[in-house]
$ cat protein_12.pdb   # PDB, C-alpha atoms and all ligand atoms
ATOM      1  CA  MET Z   1     -38.283  15.216  77.483
ATOM      2  CA  GLU Z   2     -35.303  13.180  78.664
ATOM      3  CA  GLU Z   3     -37.283  12.146  81.740
ATOM      4  CA  LEU Z   4     -40.174  10.916  79.538
ATOM      5  CA  LYS Z   5     -37.791   8.858  77.418
ATOM      6  CA  LYS Z   6     -36.398   7.286  80.562
ATOM      7  CA  ILE Z   7     -39.876   6.458  81.869
ATOM      8  CA  ALA Z   8     -40.818   4.806  78.546
ATOM      9  CA  GLY Z   9     -37.572   2.799  78.411
ATOM     10  CA  VAL Z  10     -37.734   1.596  81.991
ATOM     11  CA  THR Z  11     -41.454   0.716  81.688
ATOM     12  CA  ALA Z  12     -40.694  -1.499  78.682
ATOM     13  CA  ALA Z  13     -38.106  -3.441  80.647
ATOM     14  CA  GLN Z  14     -40.964  -4.935  82.700
ATOM     15  CA  TYR Z  15     -41.828  -7.111  79.693
ATOM     16  CA  VAL Z  16     -38.458  -8.823  79.873
ATOM     17  CA  LYS Z  17     -38.327 -12.026  81.910
ATOM     18  CA  ASP Z  18     -35.662 -14.572  82.800
ATOM     19  CA  GLY Z  19     -34.564 -16.793  79.942
ATOM     20  CA  MET Z  20     -35.718 -14.475  77.154
ATOM     21  CA  ILE Z  21     -33.919 -13.513  73.995
ATOM     22  CA  VAL Z  22     -34.297  -9.743  73.789
ATOM     23  CA  GLY Z  23     -33.901  -7.373  70.842
ATOM     24  CA  LEU Z  24     -32.120  -4.228  71.983
ATOM     25  CA  GLY Z  25     -33.142  -1.103  70.052
ATOM     26  CA  THR Z  26     -31.203   1.995  69.090
ATOM     27  CA  GLY Z  27     -31.642   5.674  69.925
ATOM     28  CA  SER Z  28     -31.986   7.960  72.900
ATOM     29  CA  THR Z  29     -35.172   6.291  74.241
ATOM     30  CA  ALA Z  30     -34.148   2.657  73.671
ATOM     31  CA  TYR Z  31     -30.926   3.636  75.443
ATOM     32  CA  TYR Z  32     -32.788   3.748  78.769
ATOM     33  CA  PHE Z  33     -34.309   0.335  78.119
ATOM     34  CA  VAL Z  34     -30.873  -1.151  77.512
ATOM     35  CA  GLU Z  35     -29.533   0.569  80.642
ATOM     36  CA  GLU Z  36     -32.352  -0.932  82.724
ATOM     37  CA  ILE Z  37     -31.745  -4.427  81.307
ATOM     38  CA  GLY Z  38     -28.058  -4.006  82.148
ATOM     39  CA  ARG Z  39     -28.947  -2.934  85.683
ATOM     40  CA  ARG Z  40     -31.160  -6.008  86.168
ATOM     41  CA  VAL Z  41     -28.506  -8.349  84.748
ATOM     42  CA  ASN Z  42     -25.958  -6.973  87.175
ATOM     43  CA  GLU Z  43     -28.080  -6.345  90.272
ATOM     44  CA  GLU Z  44     -30.810  -8.975  90.029
ATOM     45  CA  GLY Z  45     -29.072 -11.724  88.091
ATOM     46  CA  LEU Z  46     -31.532 -11.482  85.176
ATOM     47  CA  GLN Z  47     -30.651 -14.135  82.586
ATOM     48  CA  VAL Z  48     -31.178 -12.869  79.052
ATOM     49  CA  ILE Z  49     -29.457 -12.887  75.704
ATOM     50  CA  GLY Z  50     -29.504  -9.643  73.756
ATOM     51  CA  VAL Z  51     -29.612  -9.160  69.990
ATOM     52  CA  THR Z  52     -28.522  -5.655  69.064
ATOM     53  CA  THR Z  53     -29.762  -3.313  66.336
ATOM     54  CA  SER Z  54     -26.642  -1.182  65.794
ATOM     55  CA  SER Z  55     -22.940  -0.961  66.599
ATOM     56  CA  ARG Z  56     -23.822   1.788  69.102
ATOM     57  CA  THR Z  57     -26.164  -0.512  71.019
ATOM     58  CA  THR Z  58     -23.650  -3.360  70.826
ATOM     59  CA  GLU Z  59     -21.096  -1.111  72.507
ATOM     60  CA  GLN Z  60     -23.585  -0.062  75.180
ATOM     61  CA  ALA Z  61     -24.719  -3.644  75.869
ATOM     62  CA  GLN Z  62     -21.160  -4.969  76.013
ATOM     63  CA  GLY Z  63     -20.266  -2.183  78.444
ATOM     64  CA  LEU Z  64     -23.136  -3.294  80.668
ATOM     65  CA  GLY Z  65     -22.149  -6.965  80.474
ATOM     66  CA  ILE Z  66     -25.359  -8.110  78.705
ATOM     67  CA  PRO Z  67     -24.633 -11.446  76.932
ATOM     68  CA  LEU Z  68     -25.199 -11.068  73.172
ATOM     69  CA  LYS Z  69     -25.862 -13.262  70.160
ATOM     70  CA  ALA Z  70     -26.006 -12.414  66.471
ATOM     71  CA  VAL Z  71     -29.419 -12.450  64.800
ATOM     72  CA  ASP Z  72     -28.207 -15.314  62.600
ATOM     73  CA  ASP Z  73     -27.545 -17.474  65.650
ATOM     74  CA  ILE Z  74     -31.050 -17.489  67.140
ATOM     75  CA  ASP Z  75     -34.375 -18.895  65.885
ATOM     76  CA  SER Z  76     -36.607 -16.142  67.234
ATOM     77  CA  ILE Z  77     -36.598 -13.194  69.604
ATOM     78  CA  ASP Z  78     -39.085 -13.110  72.505
ATOM     79  CA  VAL Z  79     -39.347  -9.351  72.786
ATOM     80  CA  THR Z  80     -37.683  -6.397  71.081
ATOM     81  CA  VAL Z  81     -37.889  -2.871  72.431
ATOM     82  CA  ASP Z  82     -36.957   0.010  70.151
ATOM     83  CA  GLY Z  83     -37.691   3.707  69.654
ATOM     84  CA  ALA Z  84     -39.583   5.337  66.789
ATOM     85  CA  ASP Z  85     -39.696   8.744  65.138
ATOM     86  CA  GLU Z  86     -43.420   8.824  64.330
ATOM     87  CA  VAL Z  87     -46.350   6.477  65.031
ATOM     88  CA  ASP Z  88     -49.773   6.760  63.374
ATOM     89  CA  PRO Z  89     -53.149   5.382  64.577
ATOM     90  CA  ASP Z  90     -52.792   2.258  62.366
ATOM     91  CA  PHE Z  91     -49.544   1.264  64.102
ATOM     92  CA  ASN Z  92     -47.475   2.298  61.112
ATOM     93  CA  GLY Z  93     -44.351   4.189  61.966
ATOM     94  CA  ILE Z  94     -41.202   5.888  60.769
ATOM     95  CA  LYS Z  95     -37.866   4.754  62.143
ATOM     96  CA  GLY Z  96     -34.271   5.404  61.196
ATOM     97  CA  GLY Z  97     -33.704   8.837  62.663
ATOM     98  CA  GLY Z  98     -30.565   7.351  64.163
ATOM     99  CA  GLY Z  99     -29.625   5.655  60.890
ATOM    100  CA  ALA Z 100     -30.064   2.084  62.139
ATOM    101  CA  LEU Z 101     -33.283   1.191  60.298
ATOM    102  CA  LEU Z 102     -31.922  -1.818  58.413
ATOM    103  CA  MET Z 103     -30.553  -3.673  61.429
ATOM    104  CA  GLU Z 104     -33.636  -2.606  63.388
ATOM    105  CA  LYS Z 105     -35.961  -4.120  60.785
ATOM    106  CA  ILE Z 106     -33.864  -7.299  60.548
ATOM    107  CA  VAL Z 107     -34.114  -7.745  64.332
ATOM    108  CA  ALA Z 108     -37.825  -6.817  64.411
ATOM    109  CA  THR Z 109     -38.734  -9.451  61.810
ATOM    110  CA  PRO Z 110     -38.174 -12.633  63.907
ATOM    111  CA  THR Z 111     -39.561 -10.935  67.032
ATOM    112  CA  LYS Z 112     -42.653 -12.366  68.774
ATOM    113  CA  GLU Z 113     -43.538  -9.196  70.696
ATOM    114  CA  TYR Z 114     -42.328  -5.947  69.165
ATOM    115  CA  ILE Z 115     -42.573  -2.906  71.421
ATOM    116  CA  TRP Z 116     -41.821   0.767  70.732
ATOM    117  CA  VAL Z 117     -40.954   3.265  73.407
ATOM    118  CA  VAL Z 118     -41.721   6.894  72.622
ATOM    119  CA  ASP Z 119     -42.544  10.174  74.262
ATOM    120  CA  GLU Z 120     -45.911  11.644  73.356
ATOM    121  CA  SER Z 121     -44.453  13.998  70.703
ATOM    122  CA  LYS Z 122     -43.988  10.960  68.397
ATOM    123  CA  ILE Z 123     -47.714  10.167  68.164
ATOM    124  CA  VAL Z 124     -49.111  11.688  64.955
ATOM    125  CA  ASP Z 125     -52.273  11.526  62.836
ATOM    126  CA  HIS Z 126     -50.323  11.058  59.586
ATOM    127  CA  LEU Z 127     -46.743  10.018  58.915
ATOM    128  CA  GLY Z 128     -44.352  12.162  56.953
ATOM    129  CA  ALA Z 129     -43.587  15.360  58.865
ATOM    130  CA  PHE Z 130     -40.451  13.502  59.993
ATOM    131  CA  LYS Z 131     -38.162  13.005  56.989
ATOM    132  CA  LEU Z 132     -38.363   9.392  55.839
ATOM    133  CA  PRO Z 133     -34.943   7.679  55.836
ATOM    134  CA  VAL Z 134     -34.178   5.395  52.914
ATOM    135  CA  GLU Z 135     -31.067   3.202  53.033
ATOM    136  CA  VAL Z 136     -29.393   2.854  49.628
ATOM    137  CA  VAL Z 137     -26.244   1.111  48.453
ATOM    138  CA  GLN Z 138     -23.427   3.517  47.681
ATOM    139  CA  TYR Z 139     -23.050   2.395  44.069
ATOM    140  CA  GLY Z 140     -25.609   4.252  41.998
ATOM    141  CA  ALA Z 141     -26.848   6.346  44.924
ATOM    142  CA  GLU Z 142     -26.723   9.564  42.883
ATOM    143  CA  ARG Z 143     -29.077   8.033  40.319
ATOM    144  CA  ILE Z 144     -31.578   7.053  43.009
ATOM    145  CA  PHE Z 145     -31.260  10.544  44.467
ATOM    146  CA  ARG Z 146     -32.106  12.105  41.081
ATOM    147  CA  GLU Z 147     -35.043   9.733  40.691
ATOM    148  CA  PHE Z 148     -36.389  10.834  44.075
ATOM    149  CA  GLU Z 149     -35.896  14.471  43.041
ATOM    150  CA  ALA Z 150     -37.782  13.920  39.795
ATOM    151  CA  LYS Z 151     -40.667  12.382  41.752
ATOM    152  CA  GLY Z 152     -40.824  15.454  44.012
ATOM    153  CA  TYR Z 153     -39.760  13.593  47.166
ATOM    154  CA  LYS Z 154     -37.284  16.357  48.189
ATOM    155  CA  PRO Z 155     -34.347  14.071  48.986
ATOM    156  CA  SER Z 156     -31.203  14.943  50.915
ATOM    157  CA  PHE Z 157     -28.215  12.746  51.646
ATOM    158  CA  ARG Z 158     -27.693  12.402  55.377
ATOM    159  CA  GLU Z 159     -24.444  14.136  56.296
ATOM    160  CA  THR Z 160     -22.075  14.213  59.244
ATOM    161  CA  GLU Z 161     -19.243  16.665  59.913
ATOM    162  CA  GLN Z 162     -16.913  14.127  58.280
ATOM    163  CA  GLY Z 163     -18.976  13.751  55.101
ATOM    164  CA  ARG Z 164     -21.816  11.473  54.100
ATOM    165  CA  PHE Z 165     -23.332   9.369  56.875
ATOM    166  CA  ILE Z 166     -22.496   5.692  56.381
ATOM    167  CA  THR Z 167     -24.646   3.071  58.106
ATOM    168  CA  ASP Z 168     -23.381   0.038  60.024
ATOM    169  CA  MET Z 169     -24.122  -1.929  56.845
ATOM    170  CA  LYS Z 170     -21.918   0.520  54.859
ATOM    171  CA  ASN Z 171     -24.764   2.149  52.936
ATOM    172  CA  PHE Z 172     -25.919   5.772  52.540
ATOM    173  CA  ILE Z 173     -29.136   7.255  53.917
ATOM    174  CA  ILE Z 174     -31.302   9.516  51.753
ATOM    175  CA  ASP Z 175     -33.939  11.385  53.775
ATOM    176  CA  LEU Z 176     -37.183  12.246  51.963
ATOM    177  CA  ASP Z 177     -39.009  15.426  52.990
ATOM    178  CA  LEU Z 178     -42.527  14.268  52.113
ATOM    179  CA  GLY Z 179     -44.660  16.337  54.455
ATOM    180  CA  ARG Z 180     -47.394  13.727  54.526
ATOM    181  CA  ILE Z 181     -47.485  10.068  53.489
ATOM    182  CA  ASP Z 182     -51.083   9.230  52.602
ATOM    183  CA  ASN Z 183     -50.590   5.503  52.032
ATOM    184  CA  PRO Z 184     -47.534   4.220  53.944
ATOM    185  CA  VAL Z 185     -48.062   0.604  52.809
ATOM    186  CA  ALA Z 186     -48.124   1.458  49.100
ATOM    187  CA  PHE Z 187     -45.255   3.902  49.490
ATOM    188  CA  GLY Z 188     -43.143   1.330  51.312
ATOM    189  CA  LYS Z 189     -43.704  -1.126  48.464
ATOM    190  CA  GLU Z 190     -42.775   1.499  45.866
ATOM    191  CA  LEU Z 191     -39.489   2.250  47.627
ATOM    192  CA  LYS Z 192     -38.633  -1.407  48.191
ATOM    193  CA  ALA Z 193     -39.077  -2.109  44.474
ATOM    194  CA  MET Z 194     -36.362   0.367  43.464
ATOM    195  CA  THR Z 195     -33.050  -1.279  42.610
ATOM    196  CA  GLY Z 196     -30.362   0.041  44.931
ATOM    197  CA  VAL Z 197     -32.778   0.730  47.779
ATOM    198  CA  VAL Z 198     -31.920  -1.686  50.579
ATOM    199  CA  ASP Z 199     -34.782  -0.718  52.886
ATOM    200  CA  HIS Z 200     -36.739   2.253  54.185
ATOM    201  CA  GLY Z 201     -37.828   3.614  57.527
ATOM    202  CA  LEU Z 202     -41.511   2.733  57.147
ATOM    203  CA  PHE Z 203     -42.334  -0.019  59.654
ATOM    204  CA  ASN Z 204     -45.909  -0.708  58.655
ATOM    205  CA  GLY Z 205     -48.075  -2.615  61.112
ATOM    206  CA  MET Z 206     -45.072  -4.374  62.609
ATOM    207  CA  VAL Z 207     -45.323  -3.095  66.157
ATOM    208  CA  ASP Z 208     -47.524  -4.856  68.750
ATOM    209  CA  LYS Z 209     -47.382  -2.342  71.614
ATOM    210  CA  VAL Z 210     -46.404   1.289  71.882
ATOM    211  CA  ILE Z 211     -45.406   2.598  75.308
ATOM    212  CA  VAL Z 212     -46.047   6.330  75.268
ATOM    213  CA  ALA Z 213     -44.665   8.486  78.065
ATOM    214  CA  GLY Z 214     -46.427  11.808  78.448
ATOM    215  CA  LYS Z 215     -46.683  14.572  80.999
ATOM    216  CA  ALA Z 216     -49.898  12.979  82.306
ATOM    217  CA  GLY Z 217     -48.348   9.492  82.659
ATOM    218  CA  VAL Z 218     -47.676   6.359  80.642
ATOM    219  CA  THR Z 219     -50.160   5.033  78.065
ATOM    220  CA  ILE Z 220     -49.799   1.613  76.444
ATOM    221  CA  LEU Z 221     -51.290   1.348  72.967
ATOM    222  CA  GLU Z 222     -52.022  -2.224  71.863
ATOM    223  CA  LYS Z 223     -52.692  -3.370  68.333
TER
HETATM  224  C1  LIG F   1     -32.715   4.731  65.052
HETATM  225  C2  LIG F   1     -34.172   4.768  65.306
HETATM  226  C3  LIG F   1     -34.603   5.283  66.607
HETATM  227  O1  LIG F   1     -35.234   4.279  67.304
HETATM  228  C4  LIG F   1     -35.536   6.428  66.360
HETATM  229  O2  LIG F   1     -34.860   7.389  65.590
HETATM  230  C5  LIG F   1     -35.998   7.072  67.673
HETATM  231  O3  LIG F   1     -34.899   7.587  68.331
HETATM  232  P1  LIG F   1     -35.015   8.468  69.633
HETATM  233  O4  LIG F   1     -35.592   7.598  70.701
HETATM  234  O5  LIG F   1     -33.613   8.923  69.911
HETATM  235  O6  LIG F   1     -35.920   9.651  69.311
HETATM  236  O7  LIG F   1     -34.990   4.365  64.508
HETATM  237  O8  LIG F   1     -32.455   4.338  63.736
END
$ encode --input "protein_12.pdb" --output "structure tokens" --more "lines below"
Ligand code: 5RP
Amino acid sequence: MEELKKIAGVTAAQYVKDGMIVGLGTGSTAYYFVEEIGRRVNEEGLQVIGVTTSSRTTEQAQGLGIPLKAVDDIDSIDVTVDGADEVDPDFNGIKGGGGALLMEKIVATPTKEYIWVVDESKIVDHLGAFKLPVEVVQYGAERIFREFEAKGYKPSFRETEQGRFITDMKNFIIDLDLGRIDNPVAFGKELKAMTGVVDHGLFNGMVDKVIVAGKAGVTILEK
């Protein structure tokens, strides 16, 4: 599995060219993409500016010497490469398994070419077997949790050994155990309309290319 993630990450790095502004994703697959960009910066003199999607990726990129800018300081991003937790045939997906969905969506939005890197286990017919992360502000989070419970969405607060997981943006994550999401677009809108919900892990139709590494080789799905 680790080898497949590495293949997907390194394959995606081929889309990065000199002079580009590059969105750097978060997670164990995007990690290999960032490593490869770092290698090219150091060994080949690749000139890029990175825009990161989490404090974890910022740390990694800084360690590799990749020059960085904040998303507020650029007009657009040429290409962003990130991981995903599930991808359906309509190019809808679930992200946020690593808790970085808000920064990831903020970086994806001004991106011209948005690419996901996944191993073949992430390709599904329907979204929802993976618990859907919802980022909520801390104030009033218990009320949102109870609302989710009442709607039958089987919520759970994301926890760490130290207590509740807190995102880079200082919010909580509530994971919804939905089983199957029949209409991701409508469901995304429903969640977004709830006061206190900052964003959710449904990335509907945002991705342009999905690089899938499988035992039989690499497949590139294009929208
Ligand atoms: C982090 C994410 C990740 O991109 C997603 O969880 C996939 O991670 P991995 O490649 O480790 O399976 O959305 O918030």
$ residues_near_ligand --input "protein_12.pdb" --ligand "ligand LIG 1 (chain F)" --cutoff "7 Å" --atoms "only C-alpha atoms and all ligand atoms" --output "ChimeraX atom specification"
/Z:25-30,82-85,95-101,118
$ closest_residue --input "protein_12.pdb" --among "Z:Val198, Z:Val124, Z:Val81, Z:Val117" --to "Gln138 (chain Z)" --atoms "all atoms listed in the file"
Z:Val198
$ residues_around --input "protein_12.pdb" --residues "Glu2 (chain Z)" --least-positions-apart "5" --cutoff "12 Å" --atoms "all atoms listed in the file" --output "list in words"
Ile7, Ala8, Gly9, Ser28, Thr29, Ala30, Tyr31, Tyr32, Val118, Asp119, Glu120, Ala213, Gly214 and Lys215 of chain Z
$ closest_residue --input "protein_12.pdb" --among "Z:Gly163, Z:Val185, Z:Tyr114, Z:Met194" --to "Glu147 (chain Z)" --atoms "all atoms listed in the file"
Z:Met194
$ atom_distance --input "protein_12.pdb" --atom1 "CA of Val136 (chain Z)" --atom2 "CA of Glu59 (chain Z)"
24.7 Å
$ closest_residue --input "protein_12.pdb" --among "Z:Ala186, Z:Val197, Z:Val212, Z:Leu221" --to "Val10 (chain Z)" --atoms "all atoms listed in the file"
Z:Val212
$ closest_residue --input "protein_12.pdb" --among "Z:Glu113, Z:Glu159, Z:Glu43, Z:Asp73" --to "Ala12 (chain Z)" --atoms "all atoms listed in the file"
Z:Glu113
$ residues_near_point --input "protein_12.pdb" --point "(-29.3, -7.0, 72.6)" --cutoff "10 Å" --atoms "only C-alpha atoms" --output "list in words"
Ile21, Val22, Gly23, Leu24, Gly25, Thr26, Val34, Ile37, Val48, Ile49, Gly50, Val51, Thr52, Thr53, Ser54, Thr57, Thr58, Gln60, Ala61, Gln62, Ile66, Pro67, Leu68, Lys69, Ala70, Val71, Thr80, Val81 and Val107 of chain Z
$ resolve_selection --input "protein_12.pdb" --expression "the PyMOL selection byres (((chain Z and resi 188) around 9) and not hetatm)" --output "ChimeraX atom specification"
/Z:183-187,189-193,199-204
$ residues_around --input "protein_12.pdb" --residues "Leu178 (chain Z)" --least-positions-apart "5" --cutoff "12 Å" --atoms "only C-alpha atoms" --output "PyMOL selection string"
chain Z and resi 126-133+148-149+151-156+183-184+187
$ closest_residue --input "protein_12.pdb" --among "Z:Ile106, Z:Val134, Z:Ala216, Z:Ile211" --to "Ile174 (chain Z)" --atoms "only C-alpha atoms"
Z:Val134
$ axis_aligned_box --input "protein_12.pdb" --around "region 110-115 of chain Z" --padding-each-side "8 Å" --output "JSON"
{"center_x": -40.9, "center_y": -7.8, "center_z": 67.7, "size_x": 21.4, "size_y": 25.7, "size_z": 23.5}
$ residues_around --input "protein_12.pdb" --residues "Glu222 (chain Z)" --least-positions-apart "6" --cutoff "8 Å" --atoms "all atoms listed in the file" --output "list of chain:residue names"
Z:Asp208, Z:Lys209, Z:Val210
$ closest_residue --input "protein_12.pdb" --among "Z:Thr219, Z:Thr111, Z:Asn42, Z:Asn92" --to "Asp75 (chain Z)" --atoms "all atoms listed in the file"
Z:Thr111
$ decode --input "protein_12.pdb" --residues "region 18-30 of chain Z" --atoms "N, CA, C and O atoms" --output "CSV table (one decimal), in the first residue's frame"
chain,number,residue,atom,x,y,z
Z,18,ASP,N,8.6,24.3,-14.0
Z,18,ASP,CA,9.3,25.6,-13.5
Z,18,ASP,C,8.4,26.8,-13.5
Z,18,ASP,O,7.6,27.0,-14.5
Z,19,GLY,N,8.4,27.5,-12.5
Z,19,GLY,CA,7.7,28.8,-12.4
Z,19,GLY,C,6.3,28.7,-11.9
Z,19,GLY,O,5.6,29.7,-11.8
Z,20,MET,N,5.9,27.5,-11.6
Z,20,MET,CA,4.5,27.3,-11.1
Z,20,MET,C,4.3,27.6,-9.7
Z,20,MET,O,5.2,27.5,-8.9
Z,21,ILE,N,3.1,28.0,-9.4
Z,21,ILE,CA,2.6,28.0,-8.0
Z,21,ILE,C,1.9,26.7,-7.7
Z,21,ILE,O,1.0,26.4,-8.5
Z,22,VAL,N,2.3,26.0,-6.7
Z,22,VAL,CA,1.8,24.6,-6.5
Z,22,VAL,C,1.2,24.5,-5.1
Z,22,VAL,O,1.8,24.8,-4.1
Z,23,GLY,N,0.0,24.0,-5.1
Z,23,GLY,CA,-0.7,23.6,-3.9
Z,23,GLY,C,-0.2,22.3,-3.4
Z,23,GLY,O,-0.2,21.3,-4.1
Z,24,LEU,N,0.2,22.3,-2.1
Z,24,LEU,CA,0.8,21.1,-1.5
Z,24,LEU,C,-0.2,20.4,-0.6
Z,24,LEU,O,-0.5,21.0,0.5
Z,25,GLY,N,-0.7,19.2,-0.9
Z,25,GLY,CA,-1.7,18.6,-0.1
Z,25,GLY,C,-1.2,18.0,1.2
Z,25,GLY,O,0.0,18.1,1.5
Z,26,THR,N,-2.2,17.3,1.9
Z,26,THR,CA,-1.9,16.8,3.2
Z,26,THR,C,-2.3,15.3,3.2
Z,26,THR,O,-3.2,14.9,2.6
Z,27,GLY,N,-1.5,14.5,4.0
Z,27,GLY,CA,-1.8,13.1,4.2
Z,27,GLY,C,-0.7,12.2,3.7
Z,27,GLY,O,0.3,12.7,3.2
Z,28,SER,N,-0.9,10.9,3.9
Z,28,SER,CA,0.2,10.0,3.6
Z,28,SER,C,0.5,9.8,2.2
Z,28,SER,O,1.6,9.4,1.8
Z,29,THR,N,-0.4,10.1,1.3
Z,29,THR,CA,-0.1,10.0,-0.2
Z,29,THR,C,0.5,11.3,-0.7
Z,29,THR,O,1.5,11.3,-1.4
Z,30,ALA,N,-0.1,12.4,-0.4
Z,30,ALA,CA,0.4,13.7,-0.8
Z,30,ALA,C,1.8,13.9,-0.2
Z,30,ALA,O,2.6,14.6,-0.8
